[in-house]
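Note: the block below is work18.csv and it holds CSV, C-alpha atoms.
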```csv
chain,number,residue,atom,x,y,z
A,1207,MET,CA,-4.9,12.9,-56.2
A,1208,ASP,CA,-5.9,15.1,-53.3
A,1209,ALA,CA,-3.0,16.5,-51.3
A,1210,PHE,CA,-1.3,13.2,-52.2
A,1211,TYR,CA,1.8,13.0,-50.0
A,1212,ALA,CA,0.0,14.5,-47.0
A,1213,SER,CA,-3.0,12.3,-47.5
A,1214,VAL,CA,-0.8,9.2,-47.6
A,1215,GLU,CA,0.8,10.2,-44.3
A,1216,GLN,CA,-2.6,10.8,-42.7
A,1217,HIS,CA,-3.9,7.5,-44.0
A,1218,ASP,CA,-0.9,5.5,-42.7
A,1219,ASN,CA,-0.8,7.3,-39.3
A,1220,PRO,CA,-4.4,7.8,-38.0
A,1221,ALA,CA,-3.1,10.1,-35.3
A,1222,LEU,CA,-2.4,12.7,-38.1
A,1223,LYS,CA,-6.0,12.6,-39.5
A,1224,GLY,CA,-7.7,15.9,-39.3
A,1225,LYS,CA,-4.5,17.7,-38.3
A,1226,ALA,CA,-2.5,20.4,-40.2
A,1227,ILE,CA,0.5,18.6,-41.5
A,1228,ALA,CA,3.3,19.4,-44.0
A,1229,VAL,CA,5.4,16.8,-45.7
A,1230,GLY,CA,9.1,18.0,-45.9
A,1231,GLY,CA,10.2,21.0,-44.0
A,1232,GLY,CA,13.0,20.7,-41.5
A,1233,HIS,CA,15.6,23.3,-40.4
A,1234,ARG,CA,16.2,24.6,-43.9
A,1235,GLY,CA,13.7,22.8,-46.1
A,1236,VAL,CA,10.6,23.7,-47.9
A,1237,VAL,CA,7.1,22.2,-47.8
A,1238,SER,CA,6.6,19.4,-50.4
A,1239,ALA,CA,2.9,19.0,-49.7
A,1240,ALA,CA,0.4,20.3,-47.2
A,1241,SER,CA,-2.8,18.7,-45.9
A,1242,TYR,CA,-6.1,20.5,-46.5
A,1243,GLU,CA,-6.2,21.4,-42.8
A,1244,ALA,CA,-2.8,23.2,-43.3
A,1245,ARG,CA,-3.9,24.9,-46.5
A,1246,LYS,CA,-6.7,26.7,-44.6
A,1247,PHE,CA,-3.9,28.6,-42.8
A,1248,GLY,CA,-2.1,29.5,-46.1
A,1249,VAL,CA,0.5,26.8,-46.1
A,1250,ARG,CA,1.4,25.8,-49.6
A,1251,SER,CA,3.9,23.5,-51.4
A,1252,ALA,CA,7.3,25.0,-52.1
A,1253,MET,CA,6.9,27.4,-49.1
A,1254,PRO,CA,9.9,27.7,-46.7
A,1255,SER,CA,9.3,25.7,-43.6
A,1256,LYS,CA,9.9,28.7,-41.4
A,1257,THR,CA,7.2,30.7,-43.2
A,1258,ALA,CA,4.8,27.7,-43.0
A,1259,LYS,CA,5.3,27.5,-39.3
A,1260,GLU,CA,4.6,31.2,-38.9
A,1261,LYS,CA,1.4,30.9,-40.7
A,1262,CYS,CA,0.3,27.7,-38.9
A,1263,PRO,CA,2.1,27.5,-35.4
A,1264,HIS,CA,0.5,24.1,-34.7
A,1265,LEU,CA,1.8,22.6,-38.1
A,1266,ILE,CA,3.2,19.1,-37.8
A,1267,PHE,CA,6.2,18.4,-40.1
A,1268,VAL,CA,6.4,14.8,-41.5
A,1269,PRO,CA,9.5,13.5,-43.3
A,1270,PRO,CA,8.8,12.4,-46.9
A,1271,ARG,CA,8.6,8.7,-47.7
A,1272,PHE,CA,9.0,8.6,-51.5
A,1273,ALA,CA,9.3,4.9,-51.7
A,1274,ARG,CA,5.8,4.7,-50.2
A,1275,TYR,CA,4.4,7.3,-52.5
A,1276,LYS,CA,5.8,5.5,-55.5
A,1277,GLU,CA,4.3,2.2,-54.3
A,1278,ILE,CA,0.8,3.8,-54.1
A,1279,SER,CA,1.2,5.6,-57.3
A,1280,LYS,CA,1.9,2.3,-59.0
A,1281,LYS,CA,-1.3,0.9,-57.7
A,1282,ILE,CA,-3.2,3.9,-59.0
A,1283,ARG,CA,-1.7,3.6,-62.5
A,1284,GLU,CA,-2.7,-0.1,-62.6
A,1285,ILE,CA,-6.3,1.0,-62.1
A,1286,PHE,CA,-5.9,3.5,-65.0
A,1287,TYR,CA,-4.6,0.7,-67.2
A,1288,GLU,CA,-7.8,-1.3,-66.6
A,1289,TYR,CA,-9.6,1.3,-68.7
A,1290,THR,CA,-7.0,2.5,-71.2
A,1291,ASP,CA,-3.4,2.1,-72.3
A,1292,LEU,CA,-3.3,5.8,-73.2
A,1293,VAL,CA,-2.1,7.1,-69.8
A,1294,GLU,CA,0.3,10.1,-69.6
A,1295,PRO,CA,1.7,10.4,-66.1
A,1296,LEU,CA,2.5,14.0,-65.1
A,1297,SER,CA,3.8,13.1,-61.6
A,1298,LEU,CA,3.3,10.4,-59.0
A,1299,ASP,CA,-0.2,11.7,-58.3
A,1300,GLU,CA,-1.5,13.1,-61.6
A,1301,ALA,CA,-2.1,11.7,-65.1
A,1302,TYR,CA,-4.0,12.3,-68.3
A,1303,LEU,CA,-6.1,9.5,-69.7
A,1304,ASP,CA,-7.7,9.2,-73.1
A,1305,VAL,CA,-10.8,7.1,-72.7
A,1306,THR,CA,-12.3,7.8,-76.1
A,1307,GLU,CA,-11.9,4.1,-76.9
A,1308,ASN,CA,-11.6,2.3,-73.6
A,1309,LYS,CA,-11.2,-1.4,-72.6
A,1310,LYS,CA,-14.5,-1.5,-70.8
A,1311,GLY,CA,-16.5,-0.3,-73.8
A,1312,MET,CA,-18.1,2.3,-71.6
A,1313,GLU,CA,-20.0,5.1,-73.3
A,1314,SER,CA,-19.7,7.7,-70.5
A,1315,ALA,CA,-16.4,9.4,-69.7
A,1316,ASN,CA,-18.1,10.7,-66.5
A,1317,GLN,CA,-18.9,7.2,-65.3
A,1318,ILE,CA,-15.4,6.0,-66.1
A,1319,ALA,CA,-13.9,8.8,-63.9
A,1320,LYS,CA,-16.4,8.0,-61.1
A,1321,GLU,CA,-15.5,4.3,-61.2
A,1322,ILE,CA,-11.7,5.0,-61.2
A,1323,ARG,CA,-12.1,7.3,-58.2
A,1324,GLN,CA,-14.1,4.7,-56.4
A,1325,LYS,CA,-11.5,2.0,-57.1
A,1326,ILE,CA,-8.7,4.2,-55.9
A,1327,PHE,CA,-10.5,4.8,-52.7
A,1328,GLU,CA,-11.2,1.1,-52.2
A,1329,GLN,CA,-7.7,0.0,-52.9
A,1330,THR,CA,-5.7,2.8,-51.3
A,1331,GLY,CA,-8.0,4.6,-48.8
A,1332,LEU,CA,-7.2,7.9,-50.6
A,1333,THR,CA,-9.5,10.2,-52.5
A,1334,ALA,CA,-9.0,11.5,-56.0
A,1335,SER,CA,-10.5,14.3,-58.1
A,1336,ALA,CA,-11.0,14.3,-61.9
A,1337,GLY,CA,-11.7,16.6,-64.7
A,1338,ILE,CA,-13.4,15.5,-68.0
A,1339,SER,CA,-13.4,17.4,-71.3
A,1340,VAL,CA,-12.4,17.4,-74.9
A,1341,ASN,CA,-8.7,18.2,-74.4
A,1342,LYS,CA,-6.0,18.1,-71.8
A,1343,PHE,CA,-6.1,21.8,-71.0
A,1344,LEU,CA,-9.8,21.8,-70.2
A,1345,ALA,CA,-9.6,18.5,-68.2
A,1346,LYS,CA,-6.7,19.9,-66.1
A,1347,VAL,CA,-8.7,23.1,-65.3
A,1348,ALA,CA,-11.8,21.0,-64.5
A,1349,SER,CA,-9.9,18.7,-62.2
A,1350,ASP,CA,-9.3,21.6,-59.7
A,1351,ILE,CA,-12.9,22.8,-59.5
A,1352,ASN,CA,-14.5,20.2,-57.2
A,1353,LYS,CA,-11.4,19.3,-55.2
A,1354,PRO,CA,-11.2,17.4,-52.9
A,1355,ASN,CA,-12.9,14.1,-53.7
A,1356,GLY,CA,-15.0,15.4,-56.6
A,1357,GLN,CA,-15.1,15.7,-60.4
A,1358,LYS,CA,-16.2,18.2,-63.0
A,1359,THR,CA,-17.2,17.8,-66.6
A,1360,ILE,CA,-16.9,20.6,-69.1
A,1361,HIS,CA,-19.3,19.6,-71.9
A,1362,PRO,CA,-18.4,20.8,-75.4
A,1363,ASP,CA,-21.5,23.0,-75.5
A,1364,LYS,CA,-20.4,24.8,-72.3
A,1365,ILE,CA,-16.7,25.4,-73.1
A,1366,GLU,CA,-17.1,29.0,-74.4
A,1367,GLY,CA,-19.1,30.3,-71.5
A,1368,PHE,CA,-17.0,28.5,-68.9
A,1369,LEU,CA,-13.7,29.9,-70.3
A,1370,GLU,CA,-15.1,33.4,-70.6
A,1371,GLU,CA,-15.9,33.5,-66.9
A,1372,LEU,CA,-12.7,31.7,-65.7
A,1373,PRO,CA,-10.3,33.9,-63.8
A,1374,VAL,CA,-7.0,34.1,-65.7
A,1375,GLU,CA,-5.0,32.8,-62.8
A,1376,LYS,CA,-6.9,29.6,-63.1
A,1377,PHE,CA,-5.7,29.0,-66.7
A,1378,TYR,CA,-3.2,26.2,-66.8
A,1379,GLY,CA,0.2,27.8,-67.7
A,1380,VAL,CA,-0.6,31.2,-66.2
A,1381,GLY,CA,1.7,31.6,-63.2
A,1382,LYS,CA,1.7,34.3,-60.5
A,1383,VAL,CA,4.0,36.7,-62.5
A,1384,THR,CA,2.0,36.4,-65.7
A,1385,ALA,CA,-1.3,36.7,-63.9
A,1386,ASN,CA,-0.1,40.0,-62.2
A,1387,LYS,CA,1.0,41.3,-65.6
A,1388,MET,CA,-2.5,40.5,-67.0
A,1389,PHE,CA,-4.2,42.2,-64.1
A,1390,SER,CA,-2.1,45.3,-64.8
A,1391,LEU,CA,-3.5,45.2,-68.4
A,1392,GLY,CA,-7.1,44.9,-67.3
A,1393,ILE,CA,-7.2,41.2,-68.1
A,1394,TYR,CA,-9.0,39.5,-65.2
A,1395,LYS,CA,-11.1,36.8,-66.8
A,1396,GLY,CA,-11.2,34.7,-70.0
A,1397,LYS,CA,-13.5,37.2,-71.6
A,1398,ASP,CA,-11.0,40.0,-71.1
A,1399,LEU,CA,-8.2,37.8,-72.6
A,1400,LYS,CA,-10.4,36.8,-75.5
A,1401,LYS,CA,-10.7,40.5,-76.6
A,1402,ARG,CA,-7.0,40.6,-77.3
A,1403,SER,CA,-5.7,39.8,-80.8
A,1404,ILE,CA,-3.0,37.2,-81.3
A,1405,GLU,CA,-0.6,39.9,-82.4
A,1406,ASP,CA,-1.3,41.9,-79.2
A,1407,LEU,CA,-0.8,38.8,-77.0
A,1408,THR,CA,2.4,37.8,-78.8
A,1409,ARG,CA,3.8,41.4,-78.4
A,1410,LEU,CA,2.9,41.3,-74.6
A,1411,PHE,CA,3.8,37.7,-73.8
A,1412,GLY,CA,6.1,36.5,-76.5
A,1413,LYS,CA,5.7,32.9,-77.7
A,1414,SER,CA,3.2,32.2,-74.9
A,1415,GLY,CA,0.8,34.8,-76.5
A,1416,ALA,CA,-0.4,32.3,-79.2
A,1417,TYR,CA,-1.0,29.7,-76.5
A,1418,TYR,CA,-3.2,32.1,-74.5
A,1419,TYR,CA,-5.0,33.1,-77.6
A,1420,ASN,CA,-5.9,29.5,-78.4
A,1421,VAL,CA,-6.7,28.1,-74.9
A,1422,VAL,CA,-9.2,30.9,-74.1
A,1423,ARG,CA,-11.0,29.6,-77.2
A,1424,GLY,CA,-10.8,26.0,-75.9
A,1425,ILE,CA,-8.2,25.1,-78.6
A,1426,HIS,CA,-5.4,22.9,-77.3
A,1427,HIS,CA,-4.1,20.3,-79.8
A,1428,SER,CA,-2.1,17.9,-77.7
A,1429,GLU,CA,-2.7,14.2,-77.5
A,1430,VAL,CA,-2.3,12.0,-74.5
A,1431,LYS,CA,1.2,10.7,-74.8
A,1432,PRO,CA,1.6,7.3,-73.1
A,1433,HIS,CA,5.4,7.5,-73.0
A,1434,ARG,CA,6.6,10.9,-71.9
A,1435,ILE,CA,9.7,12.3,-73.6
A,1436,GLN,CA,12.3,13.3,-71.1
A,1437,LYS,CA,13.2,17.0,-71.8
A,1438,SER,CA,15.7,17.7,-69.1
A,1439,VAL,CA,17.9,16.1,-66.4
A,1440,ALA,CA,18.6,18.1,-63.2
A,1441,VAL,CA,20.5,17.8,-60.0
A,1442,GLU,CA,20.4,20.3,-57.2
A,1443,ARG,CA,21.2,20.6,-53.5
A,1444,THR,CA,19.9,22.7,-50.6
A,1445,PHE,CA,22.8,23.2,-48.2
A,1446,PHE,CA,22.5,22.8,-44.4
A,1447,GLU,CA,24.7,25.9,-44.1
A,1448,ASP,CA,24.8,28.7,-46.6
A,1449,LEU,CA,27.8,29.1,-48.9
A,1450,PHE,CA,29.8,32.2,-48.3
A,1451,ASP,CA,33.0,31.8,-50.4
A,1452,GLU,CA,34.2,30.8,-53.9
A,1453,GLN,CA,35.9,27.7,-52.8
A,1454,GLN,CA,32.7,26.3,-51.3
A,1455,VAL,CA,30.9,27.1,-54.5
A,1456,ASP,CA,33.6,25.4,-56.6
A,1457,GLU,CA,33.4,22.2,-54.5
A,1458,LYS,CA,29.6,22.0,-54.7
A,1459,LEU,CA,29.6,22.7,-58.5
A,1460,GLN,CA,32.2,20.0,-59.0
A,1461,SER,CA,30.1,17.5,-57.0
A,1462,LEU,CA,26.9,18.4,-58.9
A,1463,SER,CA,28.8,18.1,-62.2
A,1464,GLU,CA,29.9,14.6,-61.4
A,1465,GLU,CA,26.5,13.6,-60.2
A,1466,LEU,CA,24.9,15.0,-63.4
A,1467,GLN,CA,27.4,13.1,-65.5
A,1468,ASN,CA,26.7,9.8,-63.7
A,1469,ARG,CA,23.0,10.1,-64.2
A,1470,LEU,CA,23.4,11.0,-67.9
A,1471,GLN,CA,25.9,8.2,-68.6
A,1472,LYS,CA,23.6,5.7,-66.9
A,1473,ASN,CA,20.8,6.5,-69.4
A,1474,ASN,CA,23.0,7.3,-72.4
A,1475,ILE,CA,21.7,10.9,-72.5
A,1476,LEU,CA,23.4,13.9,-74.0
A,1477,GLY,CA,22.2,17.5,-74.2
A,1478,ARG,CA,23.1,20.9,-75.7
A,1479,SER,CA,21.8,23.4,-73.1
A,1480,LEU,CA,23.2,23.7,-69.5
A,1481,THR,CA,21.4,25.8,-66.9
A,1482,LEU,CA,22.7,27.0,-63.6
A,1483,LYS,CA,20.2,27.5,-60.8
A,1484,ILE,CA,21.1,29.6,-57.7
A,1485,LYS,CA,18.8,30.2,-54.7
A,1486,TYR,CA,20.0,32.7,-52.2
A,1487,LYS,CA,19.5,33.0,-48.4
A,1488,ASP,CA,16.6,35.4,-49.0
A,1489,PHE,CA,15.0,32.8,-51.3
A,1490,SER,CA,15.5,34.9,-54.4
A,1491,LEU,CA,16.2,32.8,-57.5
A,1492,TYR,CA,18.6,33.2,-60.4
A,1493,THR,CA,19.0,31.0,-63.4
A,1494,ARG,CA,21.2,31.3,-66.5
A,1495,SER,CA,21.7,29.0,-69.5
A,1496,ILE,CA,24.2,28.3,-72.2
A,1497,THR,CA,23.3,26.4,-75.4
A,1498,LYS,CA,25.9,24.9,-77.8
A,1499,GLU,CA,25.6,23.4,-81.2
A,1500,GLU,CA,27.5,20.2,-80.0
A,1501,TYR,CA,26.5,18.1,-77.1
A,1502,PHE,CA,28.0,18.4,-73.6
A,1503,SER,CA,29.7,15.2,-72.7
A,1504,SER,CA,31.7,15.3,-69.5
A,1505,ALA,CA,31.6,16.4,-65.9
A,1506,GLU,CA,34.5,18.8,-66.7
A,1507,GLN,CA,32.4,20.6,-69.3
A,1508,TYR,CA,29.5,20.9,-66.9
A,1509,PHE,CA,31.7,22.3,-64.2
A,1510,ASN,CA,33.6,24.8,-66.5
A,1511,THR,CA,30.3,26.0,-68.1
A,1512,GLY,CA,28.6,26.2,-64.7
A,1513,LYS,CA,31.4,28.2,-63.4
A,1514,LYS,CA,31.2,30.7,-66.3
A,1515,LEU,CA,27.5,31.1,-65.7
A,1516,TRP,CA,28.2,31.6,-62.0
A,1517,GLU,CA,30.7,34.4,-62.8
A,1518,LEU,CA,28.1,36.4,-64.7
A,1519,ARG,CA,26.6,37.5,-61.4
A,1520,PRO,CA,28.3,39.1,-58.4
A,1521,PHE,CA,28.7,36.9,-55.3
A,1522,ASP,CA,27.0,39.4,-53.0
A,1523,LYS,CA,24.8,37.3,-50.8
A,1524,PRO,CA,24.9,33.8,-49.2
A,1525,VAL,CA,23.8,30.8,-51.3
A,1526,ARG,CA,21.4,28.2,-50.0
A,1527,LEU,CA,20.9,26.1,-53.1
A,1528,LEU,CA,22.8,25.2,-56.3
A,1529,GLY,CA,21.6,23.2,-59.3
A,1530,LEU,CA,22.6,22.2,-62.7
A,1531,SER,CA,20.3,20.9,-65.4
A,1532,LEU,CA,20.8,19.7,-69.0
A,1533,SER,CA,18.1,20.2,-71.7
A,1534,GLN,CA,17.8,20.0,-75.5
A,1535,LEU,CA,18.5,16.3,-75.0
A,1536,ASN,CA,19.2,13.6,-77.7
A,1537,THR,CA,16.1,11.8,-76.4
A,1538,GLU,CA,13.6,14.4,-77.6
A,1539,GLU,CA,11.5,13.4,-80.6
A,1540,LYS,CA,9.6,15.4,-83.1
A,1541,LYS,CA,6.2,16.5,-81.9
A,1542,GLN,CA,3.2,14.9,-83.6
A,1543,VAL,CA,0.2,16.8,-84.9
A,1544,SER,CA,-2.9,16.0,-82.8
A,1545,VAL,CA,-6.6,16.6,-82.6
A,1546,GLN,CA,-9.1,17.4,-80.0
A,1547,LEU,CA,-10.9,14.3,-78.8
A,1548,LYS,CA,-14.5,13.3,-79.2
A,1549,ILE,CA,-15.1,11.9,-75.8
A,1550,PRO,CA,-18.5,10.4,-75.0
A,1551,PHE,CA,-20.4,12.7,-72.7
A,1552,LYS,CA,-23.5,10.6,-71.9
A,1553,GLU,CA,-23.7,11.7,-68.3
A,1554,PHE,CA,-22.9,15.3,-67.3
A,1555,GLU,CA,-23.5,15.5,-63.5
A,1556,ASP,CA,-20.5,16.5,-61.4
A,1557,GLN,CA,-19.6,14.4,-58.4
```
Let me see the structure of the file written as C-alpha cells.
Amino acid sequence: MDAFYASVEQHDNPALKGKAIAVGGGHRGVVSAASYEARKFGVRSAMPSKTAKEKCPHLIFVPPRFARYKEISKKIREIFYEYTDLVEPLSLDEAYLDVTENKKGMESANQIAKEIRQKIFEQTGLTASAGISVNKFLAKVASDINKPNGQKTIHPDKIEGFLEELPVEKFYGVGKVTANKMFSLGIYKGKDLKKRSIEDLTRLFGKSGAYYYNVVRGIHHSEVKPHRIQKSVAVERTFFEDLFDEQQVDEKLQSLSEELQNRLQKNNILGRSLTLKIKYKDFSLYTRSITKEEYFSSAEQYFNTGKKLWELRPFDKPVRLLGLSLSQLNTEEKKQVSVQLKIPFKEFEDQ
C-alpha cells in the first residue's frame, strides 16, 4: 500500500487530502507514517516528531487509529485470497503473493497485479503498488520503483542488467549503516557488489555476505509462506518523562517483565534469548541479549536478566524508552528448502 496509515487518514477526512500529515507524533513520539506531501520535506517514518516539525513546519499530526487500519487491511487480504491462498503478510499494508497457480486461472502475473490494485481502489478508495518477478527479493525491490499507484515487472531476461545497475541502498536488506560501509569500499551499484567474491563479502559483512553474494545474482530461495512463524515477542514503552534514576528503571523493567510474561502465557510461548532495548534522550540506541540453553519461563527471570543486561552499561544519560523482547521461541519450525518460481509473464508493461 502507498503511505498506508496516512492515506487512510486522508481518505477518511477529506480536509486532510493534499496536505502534509504524519500519523503519530505528539510531545515525545515519533512518526509512524508520513503522507507523500510530507515526504517531499524529508519527513519519514520513525523520525522524532520534533525533527519532523522542524523539516515541515506546516505538518499536521494525526493520532493513529490501528483498529481502522486493521479493518481495511482485512478487506485487502480478502481480495488477495480471491486469487491465491499463498499469501504471506509482512505487515498490515504489505504481503507477498504466489500466483504461479491461481484461482482465476489467469496466465499473466502482471494482469493479476493490475486487477488486485484496481479492486483495492474500488473497495477502499486507496492506491496500492506492486512488484512482479521470480522471487520475493526481486518483487520487493520492484514494488518500490513505480510508487505511488504503480507496478513494475522484472522479467527473467532482464534480471541481470537490472540488478547490476541497482544502487546498493535499494537492495532489500541493505540498511543505512551497511550501505555506508559499502560506499567506503567503492561498492555503489550491483555491478560493484558482483565483483566481490563470496569469501570477500563474508569477511566484510559476516553471515550477510553470502546473502549479498546471492541476491546480486538474482538468487533468493524463499517460498511464500502463508502462515508466518513468529520469531519474537516484544514489549516496549516510550516514557512521557525521561528516566533519571535506578528506582525508576527497576519499576519500568518490572512492569515490562510482567507484561511480557502475560503475552507469552496467553499464547503458550517460551523462548531462550532475552534482549534489552534502551533508547536515550538523544535518541541513541543500545541493545544487549542473553541466550540460555533452557527456556525463560517467568516474569522474575525476565526482570533479573534484564537488570543484568542493564548493568552492563553505565547509567550516564536520561532514558526515554525501555523494551524487552524474547526470541529463539518454541514456535519456530525448521526452514524448508524452496525454489524460485516460474511465474507467467505474458504481459510486461508497467503500470
Problem - From A:Ser1414, A:Asn1536, A:Gln1460, A:Gln1329, residue lying nearest Phe1509 of chain A [all atoms listed in the file] - result: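 Closest residue, counting all atoms listed in the file: A:Gln1460.
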Exercise for the section: Would you mind listing what lies within 8 Å of Lys1256 of chain A as JSON, numbers by chain, with all atoms listed in the file counted and same-chain residues fewer than 2 positions away left out? Expected result: {"A": [1233, 1234, 1254, 1258, 1259, 1260]}
Sort by chain and increasing residue number a table of all residues of segment 1271-1302 of chain A within 8 Å of segment 1416-1437 of chain A, each with its closest pair of atoms and their distance in Å to one decimal, counting all atoms listed in the file, and write it as a tab-separated table.
```
residue	atom	partner	partner_atom	distance
A:Asp1291	CA	A:Pro1432	CA	7.3
A:Leu1292	CA	A:Pro1432	CA	5.1
A:Val1293	CA	A:Pro1432	CA	5.0
A:Glu1294	CA	A:Pro1432	CA	4.7
A:Pro1295	CA	A:Arg1434	CA	7.6
A:Tyr1302	CA	A:Val1430	CA	6.4
```
Problem - Å distance separating atom CA of Leu1449 of chain A from atom CA of Val1525 of chain A, one decimal place - result: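 Atom CA of Val1525 of chain A lies at a distance of 5.0 Å from atom CA of Leu1449 of chain A.
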Fill in the blank from the handout: Separating atom CA of Ser1279 of chain A from atom CA of Glu1307 of chain A, to the nearest tenth of an Å, is a gap of 23.6 Å
Handout entry: Near-segment 1316-1326 of chain A list (12 Å; all atoms listed in the file; drop same-chain fewer than 2 positions) as number ranges by chain
Key = A: 1207-1208, 1278-1290, 1299, 1302-1314, 1328-1339, 1345, 1349, 1354-1361, 1549-1557
Let's have the selection written as a PDB file, in the frame of the given file, with C-alpha atoms.
```
ATOM      1  CA  MET A1207      -4.900  12.900 -56.200  1.00  0.00           C
ATOM      2  CA  ASP A1208      -5.900  15.100 -53.300  1.00  0.00           C
ATOM      3  CA  ILE A1278       0.800   3.800 -54.100  1.00  0.00           C
ATOM      4  CA  SER A1279       1.200   5.600 -57.300  1.00  0.00           C
ATOM      5  CA  LYS A1280       1.900   2.300 -59.000  1.00  0.00           C
ATOM      6  CA  LYS A1281      -1.300   0.900 -57.700  1.00  0.00           C
ATOM      7  CA  ILE A1282      -3.200   3.900 -59.000  1.00  0.00           C
ATOM      8  CA  ARG A1283      -1.700   3.600 -62.500  1.00  0.00           C
ATOM      9  CA  GLU A1284      -2.700  -0.100 -62.600  1.00  0.00           C
ATOM     10  CA  ILE A1285      -6.300   1.000 -62.100  1.00  0.00           C
ATOM     11  CA  PHE A1286      -5.900   3.500 -65.000  1.00  0.00           C
ATOM     12  CA  TYR A1287      -4.600   0.700 -67.200  1.00  0.00           C
ATOM     13  CA  GLU A1288      -7.800  -1.300 -66.600  1.00  0.00           C
ATOM     14  CA  TYR A1289      -9.600   1.300 -68.700  1.00  0.00           C
ATOM     15  CA  THR A1290      -7.000   2.500 -71.200  1.00  0.00           C
ATOM     16  CA  ASP A1299      -0.200  11.700 -58.300  1.00  0.00           C
ATOM     17  CA  TYR A1302      -4.000  12.300 -68.300  1.00  0.00           C
ATOM     18  CA  LEU A1303      -6.100   9.500 -69.700  1.00  0.00           C
ATOM     19  CA  ASP A1304      -7.700   9.200 -73.100  1.00  0.00           C
ATOM     20  CA  VAL A1305     -10.800   7.100 -72.700  1.00  0.00           C
ATOM     21  CA  THR A1306     -12.300   7.800 -76.100  1.00  0.00           C
ATOM     22  CA  GLU A1307     -11.900   4.100 -76.900  1.00  0.00           C
ATOM     23  CA  ASN A1308     -11.600   2.300 -73.600  1.00  0.00           C
ATOM     24  CA  LYS A1309     -11.200  -1.400 -72.600  1.00  0.00           C
ATOM     25  CA  LYS A1310     -14.500  -1.500 -70.800  1.00  0.00           C
ATOM     26  CA  GLY A1311     -16.500  -0.300 -73.800  1.00  0.00           C
ATOM     27  CA  MET A1312     -18.100   2.300 -71.600  1.00  0.00           C
ATOM     28  CA  GLU A1313     -20.000   5.100 -73.300  1.00  0.00           C
ATOM     29  CA  SER A1314     -19.700   7.700 -70.500  1.00  0.00           C
ATOM     30  CA  GLU A1328     -11.200   1.100 -52.200  1.00  0.00           C
ATOM     31  CA  GLN A1329      -7.700   0.000 -52.900  1.00  0.00           C
ATOM     32  CA  THR A1330      -5.700   2.800 -51.300  1.00  0.00           C
ATOM     33  CA  GLY A1331      -8.000   4.600 -48.800  1.00  0.00           C
ATOM     34  CA  LEU A1332      -7.200   7.900 -50.600  1.00  0.00           C
ATOM     35  CA  THR A1333      -9.500  10.200 -52.500  1.00  0.00           C
ATOM     36  CA  ALA A1334      -9.000  11.500 -56.000  1.00  0.00           C
ATOM     37  CA  SER A1335     -10.500  14.300 -58.100  1.00  0.00           C
ATOM     38  CA  ALA A1336     -11.000  14.300 -61.900  1.00  0.00           C
ATOM     39  CA  GLY A1337     -11.700  16.600 -64.700  1.00  0.00           C
ATOM     40  CA  ILE A1338     -13.400  15.500 -68.000  1.00  0.00           C
ATOM     41  CA  SER A1339     -13.400  17.400 -71.300  1.00  0.00           C
ATOM     42  CA  ALA A1345      -9.600  18.500 -68.200  1.00  0.00           C
ATOM     43  CA  SER A1349      -9.900  18.700 -62.200  1.00  0.00           C
ATOM     44  CA  PRO A1354     -11.200  17.400 -52.900  1.00  0.00           C
ATOM     45  CA  ASN A1355     -12.900  14.100 -53.700  1.00  0.00           C
ATOM     46  CA  GLY A1356     -15.000  15.400 -56.600  1.00  0.00           C
ATOM     47  CA  GLN A1357     -15.100  15.700 -60.400  1.00  0.00           C
ATOM     48  CA  LYS A1358     -16.200  18.200 -63.000  1.00  0.00           C
ATOM     49  CA  THR A1359     -17.200  17.800 -66.600  1.00  0.00           C
ATOM     50  CA  ILE A1360     -16.900  20.600 -69.100  1.00  0.00           C
ATOM     51  CA  HIS A1361     -19.300  19.600 -71.900  1.00  0.00           C
ATOM     52  CA  ILE A1549     -15.100  11.900 -75.800  1.00  0.00           C
ATOM     53  CA  PRO A1550     -18.500  10.400 -75.000  1.00  0.00           C
ATOM     54  CA  PHE A1551     -20.400  12.700 -72.700  1.00  0.00           C
ATOM     55  CA  LYS A1552     -23.500  10.600 -71.900  1.00  0.00           C
ATOM     56  CA  GLU A1553     -23.700  11.700 -68.300  1.00  0.00           C
ATOM     57  CA  PHE A1554     -22.900  15.300 -67.300  1.00  0.00           C
ATOM     58  CA  GLU A1555     -23.500  15.500 -63.500  1.00  0.00           C
ATOM     59  CA  ASP A1556     -20.500  16.500 -61.400  1.00  0.00           C
ATOM     60  CA  GLN A1557     -19.600  14.400 -58.400  1.00  0.00           C
TER      61      GLN A1557
END
```
Problem - Top pick for closest residue to Leu1369 of chain A, considering A:Lys1346, A:Lys1400, A:Lys1353, A:Arg1274 and counting all atoms listed in the file - result: A:Lys1400
Handout entry: Using all atoms listed in the file: which of A:Glu1243, A:Lys1472, A:Gly1230, A:Ala1301 has the shortest distance to Val1268 of chain A
Key =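 Closest to Val1268 of chain A of all the choices is A:Gly1230.
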